[in-house]
>>> print(open('run18.pdb').read())   # PDB, C-alpha atoms, pLDDT in the B column
ATOM      1  CA  MET A   9     106.478 120.787  78.758  1.00 48.00           C
ATOM      2  CA  SER A  10     105.324 122.220  82.096  1.00 57.00           C
ATOM      3  CA  ASN A  11     107.725 123.376  84.804  1.00 69.00           C
ATOM      4  CA  ILE A  12     106.303 120.863  87.283  1.00 78.00           C
ATOM      5  CA  GLU A  13     108.954 118.631  88.816  1.00 86.00           C
ATOM      6  CA  HIS A  14     107.791 115.068  88.276  1.00 94.00           C
ATOM      7  CA  LYS A  15     109.035 112.339  90.597  1.00 95.00           C
ATOM      8  CA  TYR A  16     109.074 108.587  90.194  1.00 96.00           C
ATOM      9  CA  ILE A  17     107.948 107.059  93.490  1.00 97.00           C
ATOM     10  CA  ALA A  18     107.811 103.353  94.340  1.00 97.00           C
ATOM     11  CA  LEU A  19     106.152 102.022  97.490  1.00 98.00           C
ATOM     12  CA  ALA A  20     105.901  98.730  99.332  1.00 98.00           C
ATOM     13  CA  TYR A  21     102.764  99.052 101.430  1.00 98.00           C
ATOM     14  CA  GLU A  22      99.625  97.600 102.908  1.00 98.00           C
ATOM     15  CA  LEU A  23      96.304  99.263 102.148  1.00 98.00           C
ATOM     16  CA  PHE A  24      93.505  98.903 104.672  1.00 98.00           C
ATOM     17  CA  ALA A  25      89.880  99.936 104.180  1.00 97.00           C
ATOM     18  CA  ILE A  26      88.204 101.246 107.326  1.00 97.00           C
ATOM     19  CA  GLU A  27      84.426 101.148 107.699  1.00 92.00           C
ATOM     20  CA  ASN A  28      82.322 101.131 110.877  1.00 90.00           C
ATOM     21  CA  ASN A  29      85.550 101.162 112.918  1.00 90.00           C
ATOM     22  CA  GLU A  30      86.647  97.873 111.325  1.00 95.00           C
ATOM     23  CA  GLN A  31      89.855  97.603 109.321  1.00 97.00           C
ATOM     24  CA  HIS A  32      90.404  95.172 106.449  1.00 97.00           C
ATOM     25  CA  LEU A  33      93.526  94.566 104.364  1.00 98.00           C
ATOM     26  CA  ILE A  34      92.597  94.956 100.714  1.00 96.00           C
ATOM     27  CA  GLU A  35      95.912  95.389  98.918  1.00 96.00           C
ATOM     28  CA  LYS A  36      99.586  94.676  99.533  1.00 97.00           C
ATOM     29  CA  THR A  37     102.713  95.364  97.501  1.00 97.00           C
ATOM     30  CA  THR A  38     106.244  94.239  98.260  1.00 97.00           C
ATOM     31  CA  ALA A  39     109.745  95.627  97.876  1.00 97.00           C
ATOM     32  CA  GLU A  40     110.276  93.105  95.084  1.00 97.00           C
ATOM     33  CA  LYS A  41     107.124  94.243  93.284  1.00 97.00           C
ATOM     34  CA  PRO A  42     106.365  97.748  94.570  1.00 97.00           C
ATOM     35  CA  PHE A  43     103.635 100.078  93.397  1.00 96.00           C
ATOM     36  CA  GLY A  44     105.123 102.908  91.360  1.00 95.00           C
ATOM     37  CA  PHE A  45     103.819 106.137  89.891  1.00 95.00           C
ATOM     38  CA  ILE A  46     104.936 109.461  88.472  1.00 94.00           C
ATOM     39  CA  SER A  47     103.800 112.502  90.421  1.00 94.00           C
ATOM     40  CA  GLY A  48     102.434 115.767  89.111  1.00 92.00           C
ATOM     41  CA  PHE A  49      99.934 114.419  86.594  1.00 91.00           C
ATOM     42  CA  GLY A  50      96.851 114.453  88.830  1.00 89.00           C
ATOM     43  CA  LEU A  51      96.396 110.707  88.377  1.00 88.00           C
ATOM     44  CA  MET A  52      96.615 109.827  92.048  1.00 93.00           C
ATOM     45  CA  LEU A  53      94.370 110.822  94.919  1.00 96.00           C
ATOM     46  CA  ASP A  54      95.613 114.305  95.809  1.00 96.00           C
ATOM     47  CA  ASP A  55      96.238 113.574  99.477  1.00 97.00           C
ATOM     48  CA  PHE A  56      97.896 110.231  98.720  1.00 97.00           C
ATOM     49  CA  GLU A  57     100.344 112.016  96.439  1.00 96.00           C
ATOM     50  CA  LYS A  58     100.964 114.819  98.950  1.00 96.00           C
ATOM     51  CA  GLN A  59     101.745 112.310 101.691  1.00 97.00           C
ATOM     52  CA  THR A  60     104.190 110.263  99.619  1.00 97.00           C
ATOM     53  CA  GLU A  61     105.827 112.860  97.381  1.00 95.00           C
ATOM     54  CA  ARG A  62     107.594 114.537 100.320  1.00 94.00           C
ATOM     55  CA  LEU A  63     109.204 111.292 101.488  1.00 97.00           C
ATOM     56  CA  ASN A  64     112.656 109.953 100.639  1.00 97.00           C
ATOM     57  CA  MET A  65     113.829 106.472  99.778  1.00 97.00           C
ATOM     58  CA  GLY A  66     113.784 104.322 102.910  1.00 98.00           C
ATOM     59  CA  ASP A  67     111.223 106.460 104.749  1.00 98.00           C
ATOM     60  CA  GLU A  68     108.391 104.616 106.443  1.00 98.00           C
ATOM     61  CA  PHE A  69     104.827 105.962 106.405  1.00 98.00           C
ATOM     62  CA  ASP A  70     101.493 105.295 108.053  1.00 98.00           C
ATOM     63  CA  PHE A  71      98.659 107.656 107.180  1.00 98.00           C
ATOM     64  CA  THR A  72      94.895 107.558 106.790  1.00 98.00           C
ATOM     65  CA  LEU A  73      92.742 109.327 104.205  1.00 98.00           C
ATOM     66  CA  SER A  74      89.236 110.333 105.182  1.00 98.00           C
ATOM     67  CA  VAL A  75      86.258 109.287 103.069  1.00 97.00           C
ATOM     68  CA  GLU A  76      86.284 112.754 101.517  1.00 97.00           C
ATOM     69  CA  GLN A  77      90.015 112.578 100.763  1.00 98.00           C
ATOM     70  CA  ALA A  78      89.604 109.109  99.260  1.00 97.00           C
ATOM     71  CA  PHE A  79      86.637 108.228  97.046  1.00 96.00           C
ATOM     72  CA  GLY A  80      83.790 110.051  98.745  1.00 96.00           C
ATOM     73  CA  ASN A  81      80.525 108.722 100.091  1.00 96.00           C
ATOM     74  CA  TYR A  82      78.608 105.926  98.415  1.00 96.00           C
ATOM     75  CA  ASP A  83      76.008 107.462  96.086  1.00 97.00           C
ATOM     76  CA  GLU A  84      72.880 105.443  95.269  1.00 96.00           C
ATOM     77  CA  LYS A  85      72.368 107.659  92.200  1.00 96.00           C
ATOM     78  CA  ARG A  86      75.449 106.054  90.680  1.00 95.00           C
ATOM     79  CA  VAL A  87      73.620 102.747  90.375  1.00 97.00           C
ATOM     80  CA  VAL A  88      72.202 102.834  86.853  1.00 96.00           C
ATOM     81  CA  ASN A  89      70.145 100.636  84.528  1.00 96.00           C
ATOM     82  CA  ILE A  90      71.560 100.169  81.039  1.00 95.00           C
ATOM     83  CA  ASP A  91      69.488  98.567  78.284  1.00 96.00           C
ATOM     84  CA  ARG A  92      70.450  94.955  77.562  1.00 95.00           C
ATOM     85  CA  LYS A  93      70.620  95.872  73.868  1.00 95.00           C
ATOM     86  CA  ASP A  94      73.809  97.844  74.551  1.00 94.00           C
ATOM     87  CA  PHE A  95      75.521  94.574  75.449  1.00 95.00           C
ATOM     88  CA  MET A  96      74.477  92.546  72.419  1.00 95.00           C
ATOM     89  CA  GLN A  97      77.161  91.002  70.246  1.00 94.00           C
ATOM     90  CA  GLU A  98      77.300  91.345  66.482  1.00 92.00           C
ATOM     91  CA  ASP A  99      75.423  88.063  66.079  1.00 94.00           C
ATOM     92  CA  GLY A 100      72.553  89.477  68.147  1.00 93.00           C
ATOM     93  CA  ARG A 101      73.251  87.402  71.254  1.00 95.00           C
ATOM     94  CA  PHE A 102      73.739  88.850  74.725  1.00 96.00           C
ATOM     95  CA  ASP A 103      77.368  88.954  75.886  1.00 95.00           C
ATOM     96  CA  TYR A 104      77.077  86.506  78.777  1.00 94.00           C
ATOM     97  CA  GLU A 105      80.819  85.836  78.637  1.00 95.00           C
ATOM     98  CA  HIS A 106      81.654  89.297  79.980  1.00 95.00           C
ATOM     99  CA  ILE A 107      78.396  90.627  81.440  1.00 96.00           C
ATOM    100  CA  PHE A 108      77.398  88.763  84.585  1.00 96.00           C
ATOM    101  CA  LYS A 109      76.824  89.494  88.280  1.00 96.00           C
ATOM    102  CA  ASP A 110      79.912  90.913  90.050  1.00 95.00           C
ATOM    103  CA  ALA A 111      81.811  91.390  86.773  1.00 96.00           C
ATOM    104  CA  THR A 112      83.870  94.586  86.462  1.00 94.00           C
ATOM    105  CA  ILE A 113      83.434  96.009  82.983  1.00 95.00           C
ATOM    106  CA  PRO A 114      84.826  98.991  81.013  1.00 93.00           C
ATOM    107  CA  LEU A 115      82.283 101.637  80.044  1.00 91.00           C
ATOM    108  CA  GLN A 116      82.240 104.889  78.134  1.00 87.00           C
ATOM    109  CA  ASN A 117      79.817 107.803  78.368  1.00 84.00           C
ATOM    110  CA  GLU A 118      78.568 110.144  75.663  1.00 86.00           C
ATOM    111  CA  GLU A 119      81.491 112.526  76.239  1.00 88.00           C
ATOM    112  CA  GLY A 120      83.980 109.729  75.564  1.00 85.00           C
ATOM    113  CA  ASP A 121      85.105 109.364  79.195  1.00 84.00           C
ATOM    114  CA  ARG A 122      86.143 105.815  80.048  1.00 84.00           C
ATOM    115  CA  PHE A 123      85.684 104.181  83.428  1.00 86.00           C
ATOM    116  CA  TRP A 124      84.707 100.939  85.121  1.00 90.00           C
ATOM    117  CA  GLY A 125      81.476  99.651  86.606  1.00 95.00           C
ATOM    118  CA  THR A 126      80.443  96.606  88.621  1.00 96.00           C
ATOM    119  CA  VAL A 127      77.512  94.516  87.404  1.00 97.00           C
ATOM    120  CA  LEU A 128      74.957  94.089  90.190  1.00 97.00           C
ATOM    121  CA  GLU A 129      72.251  92.324  88.207  1.00 97.00           C
ATOM    122  CA  VAL A 130      71.309  91.151  84.734  1.00 97.00           C
ATOM    123  CA  ASN A 131      67.575  91.003  84.161  1.00 96.00           C
ATOM    124  CA  ASP A 132      65.257  90.643  81.182  1.00 94.00           C
ATOM    125  CA  ASN A 133      65.332  94.347  80.312  1.00 95.00           C
ATOM    126  CA  ALA A 134      68.511  95.885  81.655  1.00 97.00           C
ATOM    127  CA  VAL A 135      71.933  95.454  83.213  1.00 97.00           C
ATOM    128  CA  VAL A 136      72.165  97.109  86.640  1.00 98.00           C
ATOM    129  CA  ILE A 137      75.608  98.633  87.090  1.00 97.00           C
ATOM    130  CA  ASP A 138      77.226 100.274  90.127  1.00 97.00           C
ATOM    131  CA  LEU A 139      79.416 103.214  89.074  1.00 96.00           C
ATOM    132  CA  ASN A 140      80.627 103.923  92.599  1.00 96.00           C
ATOM    133  CA  HIS A 141      84.264 103.198  93.237  1.00 94.00           C
ATOM    134  CA  PRO A 142      84.593  99.913  95.183  1.00 92.00           C
ATOM    135  CA  LEU A 143      86.141 101.878  98.069  1.00 95.00           C
ATOM    136  CA  ALA A 144      83.508 104.625  98.179  1.00 96.00           C
ATOM    137  CA  GLY A 145      82.363 105.339 101.733  1.00 96.00           C
ATOM    138  CA  LYS A 146      85.561 103.985 103.307  1.00 96.00           C
ATOM    139  CA  GLN A 147      88.579 105.529 104.979  1.00 98.00           C
ATOM    140  CA  LEU A 148      91.888 104.304 103.605  1.00 98.00           C
ATOM    141  CA  ARG A 149      94.997 103.568 105.658  1.00 98.00           C
ATOM    142  CA  TYR A 150      98.357 103.204 103.923  1.00 98.00           C
ATOM    143  CA  LYS A 151     101.273 101.699 105.833  1.00 98.00           C
ATOM    144  CA  GLY A 152     104.644 100.928 104.277  1.00 98.00           C
ATOM    145  CA  VAL A 153     108.031 102.129 103.102  1.00 98.00           C
ATOM    146  CA  VAL A 154     109.369 104.113 100.140  1.00 98.00           C
ATOM    147  CA  THR A 155     111.543 101.830  98.010  1.00 98.00           C
ATOM    148  CA  GLU A 156     112.455 104.488  95.450  1.00 97.00           C
ATOM    149  CA  SER A 157     112.022 108.250  95.135  1.00 97.00           C
ATOM    150  CA  ARG A 158     113.790 110.261  92.460  1.00 96.00           C
ATOM    151  CA  LEU A 159     113.210 112.677  89.625  1.00 95.00           C
ATOM    152  CA  ALA A 160     111.416 110.972  86.759  1.00 94.00           C
ATOM    153  CA  THR A 161     113.470 110.717  83.599  1.00 94.00           C
ATOM    154  CA  GLU A 162     112.466 112.649  80.520  1.00 92.00           C
ATOM    155  CA  HIS A 163     111.788 109.343  78.782  1.00 94.00           C
ATOM    156  CA  GLU A 164     109.420 108.193  81.546  1.00 93.00           C
ATOM    157  CA  VAL A 165     107.530 111.486  81.497  1.00 92.00           C
ATOM    158  CA  HIS A 166     107.181 111.517  77.713  1.00 92.00           C
ATOM    159  CA  HIS A 167     106.031 107.890  77.729  1.00 92.00           C
ATOM    160  CA  LEU A 168     103.336 108.621  80.290  1.00 92.00           C
ATOM    161  CA  ILE A 169     102.175 111.704  78.378  1.00 90.00           C
ATOM    162  CA  LYS A 170     101.949 109.573  75.240  1.00 90.00           C
ATOM    163  CA  MET A 171      99.838 106.975  77.035  1.00 88.00           C
ATOM    164  CA  LEU A 172      97.523 109.620  78.457  1.00 85.00           C
ATOM    165  CA  SER A 173      97.141 111.111  74.986  1.00 82.00           C
ATOM    166  CA  GLY A 174      95.572 107.949  73.642  1.00 67.00           C
ATOM    167  CA  GLY A 175      98.072 105.172  74.105  1.00 52.00           C
ATOM    168  CA  CYS A 176      96.417 103.704  77.196  1.00 41.00           C
ATOM    169  CA  GLY A 177      95.462 100.620  75.289  1.00 38.00           C
ATOM    170  CA  GLY A 178      94.679  97.667  77.485  1.00 34.00           C
ATOM    171  CA  CYS A 179      96.570  98.753  80.552  1.00 33.00           C
ATOM    172  CA  GLY A 180      93.706  97.316  82.549  1.00 30.00           C
ATOM    173  CA  SER A 181      94.384  96.823  86.217  1.00 30.00           C
ATOM    174  CA  CYS A 182      98.169  96.728  86.337  1.00 31.00           C
ATOM    175  CA  GLY A 183      99.483  97.575  89.760  1.00 33.00           C
ATOM    176  CA  GLY A 184     101.099 100.846  88.888  1.00 40.00           C
ATOM    177  CA  CYS A 185     104.295 101.158  86.899  1.00 42.00           C
ATOM    178  CA  ARG A 186     107.840  99.967  87.009  1.00 38.00           C
ATOM    179  CA  ASN A 187     111.012 101.707  85.950  1.00 40.00           C
ATOM    180  CA  GLU A 188     111.034 101.601  82.165  1.00 38.00           C
ATOM    181  CA  GLU A 189     114.749 100.947  82.134  1.00 39.00           C
ATOM    182  CA  GLU A 190     113.849  97.648  83.808  1.00 41.00           C
ATOM    183  CA  GLY A 191     111.370  96.852  81.087  1.00 39.00           C
ATOM    184  CA  GLY A 192     108.519  98.344  83.071  1.00 40.00           C
ATOM    185  CA  ASP A 193     105.382 100.021  81.919  1.00 38.00           C
ATOM    186  CA  CYS A 194     104.317 103.332  83.429  1.00 38.00           C
ATOM    187  CA  CYS A 195     100.579 103.825  83.507  1.00 35.00           C
ATOM    188  CA  GLY A 196     100.663 106.238  86.434  1.00 36.00           C
ATOM    189  CA  LYS A 197      97.629 104.957  88.251  1.00 35.00           C
ATOM    190  CA  HIS A 198      96.988 103.101  91.442  1.00 40.00           C
ATOM    191  CA  GLY A 199      95.845  99.628  90.606  1.00 36.00           C
ATOM    192  CA  GLU A 200      92.197 100.464  90.004  1.00 36.00           C
ATOM    193  CA  GLY A 201      90.366 101.410  86.854  1.00 32.00           C
ATOM    194  CA  ASP A 202      92.213 102.064  83.603  1.00 32.00           C
ATOM    195  CA  CYS A 203      95.127 104.260  82.551  1.00 30.00           C
ATOM    196  CA  CYS A 204      92.807 107.171  81.919  1.00 29.00           C
ATOM    197  CA  GLY A 205      91.514 107.144  85.495  1.00 32.00           C
ATOM    198  CA  LYS A 206      92.702 108.788  88.679  1.00 34.00           C
ATOM    199  CA  HIS A 207      93.946 105.978  90.936  1.00 35.00           C
ATOM    200  CA  GLY A 208      90.672 104.372  90.178  1.00 36.00           C
ATOM    201  CA  GLU A 209      89.153 107.536  91.522  1.00 35.00           C
ATOM    202  CA  GLY A 210      86.973 107.523  88.465  1.00 35.00           C
ATOM    203  CA  ASP A 211      86.598 111.230  87.868  1.00 31.00           C
ATOM    204  CA  CYS A 212      84.002 110.299  85.285  1.00 29.00           C
ATOM    205  CA  CYS A 213      82.484 107.401  87.224  1.00 27.00           C
ATOM    206  CA  GLY A 214      78.854 108.334  87.600  1.00 27.00           C
ATOM    207  CA  ARG A 215      79.495 111.927  86.598  1.00 24.00           C
ATOM    208  CA  HIS A 216      77.282 111.346  83.626  1.00 24.00           C
ATOM    209  CA  GLY A 217      76.060 107.944  84.729  1.00 29.00           C
ATOM    210  CA  GLU A 218      72.804 108.035  82.830  1.00 30.00           C
ATOM    211  CA  GLY A 219      74.686 108.511  79.591  1.00 33.00           C
ATOM    212  CA  CYS A 220      76.969 105.511  80.011  1.00 33.00           C
ATOM    213  CA  HIS A 221      77.050 102.736  77.487  1.00 35.00           C
ATOM    214  CA  ASN A 222      79.041  99.625  76.899  1.00 37.00           C
ATOM    215  CA  HIS A 223      82.582 100.317  75.722  1.00 34.00           C
TER
END
>>> encode(input="run18.pdb", output="structure tokens")
Amino acid sequence: MSNIEHKYIALAYELFAIENNEQHLIEKTTAEKPFGFISGFGLMLDDFEKQTERLNMGDEFDFTLSVEQAFGNYDEKRVVNIDRKDFMQEDGRFDYEHIFKDATIPLQNEEGDRFWGTVLEVNDNAVVIDLNHPLAGKQLRYKGVVTESRLATEHEVHHLIKMLSGGCGGCGSCGGCRNEEEGGDCCGKHGEGDCCGKHGEGDCCGRHGEGCHNH
């Protein structure tokens, strides 16, 4: 076990995306259903964690992350063509149920990294997939209040480590984690991507884009 002090942090906030000087609300959590995470695992955007980890319960916050601090610039090279054959079902038919325009699908590259992509087009030869994070190229503004901030329990930390070691399962797009003593489920991410991703940051998204295949 490392000597890092892990905290359980829960937030009620509004998340705004800023692009071309226009601000749009894209996510909102409440005090009744806050977004929670455990710090110190590198699963959150670094600057998001730095801004919130120093706060106490009841503190209000309003901060903006630059494009670089958030998900970086939009990269056209992260739009890839994947052979339709990779999306065929066992009976030889194309998986139209899950693979269609605007669908968000789980993928895995040759190194075993898992991430998500957005289907832009399905044509006769390939599926065109955007591996950029949906918030790439945007500044992010977080405004809200800390509803809980305390040391994470040993049980919570061990549970998260277990999940990150292969127990992610179908965590999907849960909105963070709740206190396990309340029957919650700590996936330690920020509502985007899967449990093995960094707040949807998608460390592997597009890193080896050309080697991606259907998961």
>>> resolve_selection(input="run18.pdb", expression="the PyMOL selection byres ((chain A and resi 61-63) around 10)", output="PyMOL selection string")
chain A and resi 14-17+46-48+55-60+64-69+153-154+156-158
>>> resolve_selection(input="run18.pdb", expression="the PyMOL selection byres ((chain A and resi 106) around 12)", output="list in words")
Phe95, Met96, Gln97, Phe102, Asp103, Tyr104, Glu105, Ile107, Phe108, Lys109, Asp110, Ala111, Thr112, Ile113, Pro114, Thr126, Val127, Val130, Val135, Asn222 and His223 of chain A
>>> residues_around(input="run18.pdb", residues="Ala20 of chain A", least_positions_apart="2", cutoff="9 Å", atoms="all atoms listed in the file", output="list of chain:residue names")
A:Ala18, A:Glu22, A:Lys36, A:Thr37, A:Thr38, A:Ala39, A:Glu40, A:Lys41, A:Pro42, A:Phe43, A:Lys151, A:Gly152, A:Val153, A:Val154, A:Thr155
>>> atom_distance(input="run18.pdb", atom1="atom CA of Gly125 of chain A", atom2="atom CA of Leu143 of chain A")
12.6 Å
>>> atom_distance(input="run18.pdb", atom1="atom CA of Leu115 of chain A", atom2="atom CA of Asp54 of chain A")
24.2 Å
>>> atom_distance(input="run18.pdb", atom1="atom CA of His163 of chain A", atom2="atom CA of Phe123 of chain A")
27.0 Å
>>> resolve_selection(input="run18.pdb", expression="the PyMOL selection byres ((chain A and resi 86) around 7)", output="ChimeraX atom specification")
/A:83-85,87-88,138-140,214,217
>>> build_atoms(input="run18.pdb", residues="segment 154-172 of chain A", atoms="N, CA, C and O atoms", output="CSV table (one decimal), in the frame of the given file")
chain,number,residue,atom,x,y,z
A,154,VAL,N,109.0,103.6,101.5
A,154,VAL,CA,109.4,104.1,100.1
A,154,VAL,C,110.6,103.3,99.7
A,154,VAL,O,111.6,103.3,100.3
A,155,THR,N,110.4,102.6,98.5
A,155,THR,CA,111.5,101.8,98.0
A,155,THR,C,112.3,102.6,97.0
A,155,THR,O,113.5,102.2,96.7
A,156,GLU,N,111.8,103.6,96.4
A,156,GLU,CA,112.5,104.5,95.4
A,156,GLU,C,111.8,105.8,95.4
A,156,GLU,O,110.5,105.9,95.4
A,157,SER,N,112.6,106.9,95.3
A,157,SER,CA,112.0,108.2,95.1
A,157,SER,C,113.1,109.1,94.5
A,157,SER,O,114.2,109.3,95.0
A,158,ARG,N,112.8,109.5,93.3
A,158,ARG,CA,113.8,110.3,92.5
A,158,ARG,C,113.1,111.1,91.4
A,158,ARG,O,111.8,110.9,91.2
A,159,LEU,N,113.8,112.0,90.7
A,159,LEU,CA,113.2,112.7,89.6
A,159,LEU,C,112.9,111.7,88.5
A,159,LEU,O,113.7,110.8,88.2
A,160,ALA,N,111.7,111.8,87.9
A,160,ALA,CA,111.4,111.0,86.8
A,160,ALA,C,112.3,111.4,85.6
A,160,ALA,O,112.6,112.6,85.4
A,161,THR,N,112.7,110.4,84.8
A,161,THR,CA,113.5,110.7,83.6
A,161,THR,C,112.6,111.3,82.5
A,161,THR,O,111.4,111.2,82.5
A,162,GLU,N,113.2,112.0,81.6
A,162,GLU,CA,112.5,112.6,80.5
A,162,GLU,C,111.7,111.6,79.7
A,162,GLU,O,110.6,111.8,79.3
A,163,HIS,N,112.4,110.5,79.5
A,163,HIS,CA,111.8,109.3,78.8
A,163,HIS,C,110.5,108.8,79.5
A,163,HIS,O,109.5,108.6,78.8
A,164,GLU,N,110.6,108.7,80.8
A,164,GLU,CA,109.4,108.2,81.5
A,164,GLU,C,108.3,109.2,81.5
A,164,GLU,O,107.1,108.8,81.3
A,165,VAL,N,108.6,110.5,81.6
A,165,VAL,CA,107.5,111.5,81.5
A,165,VAL,C,106.9,111.5,80.1
A,165,VAL,O,105.7,111.5,80.0
A,166,HIS,N,107.7,111.5,79.1
A,166,HIS,CA,107.2,111.5,77.7
A,166,HIS,C,106.3,110.3,77.4
A,166,HIS,O,105.3,110.3,76.8
A,167,HIS,N,106.8,109.1,77.9
A,167,HIS,CA,106.0,107.9,77.7
A,167,HIS,C,104.7,108.0,78.4
A,167,HIS,O,103.7,107.6,77.8
A,168,LEU,N,104.6,108.5,79.6
A,168,LEU,CA,103.3,108.6,80.3
A,168,LEU,C,102.4,109.6,79.6
A,168,LEU,O,101.2,109.3,79.4
A,169,ILE,N,103.0,110.7,79.1
A,169,ILE,CA,102.2,111.7,78.4
A,169,ILE,C,101.6,111.1,77.1
A,169,ILE,O,100.4,111.3,76.8
A,170,LYS,N,102.4,110.2,76.4
A,170,LYS,CA,101.9,109.6,75.2
A,170,LYS,C,100.8,108.6,75.6
A,170,LYS,O,99.8,108.6,74.8
A,171,MET,N,100.9,107.9,76.7
A,171,MET,CA,99.8,107.0,77.0
A,171,MET,C,98.6,107.7,77.4
A,171,MET,O,97.5,107.3,77.0
A,172,LEU,N,98.7,108.8,78.1
A,172,LEU,CA,97.5,109.6,78.5
A,172,LEU,C,96.9,110.3,77.3
A,172,LEU,O,95.7,110.8,77.3
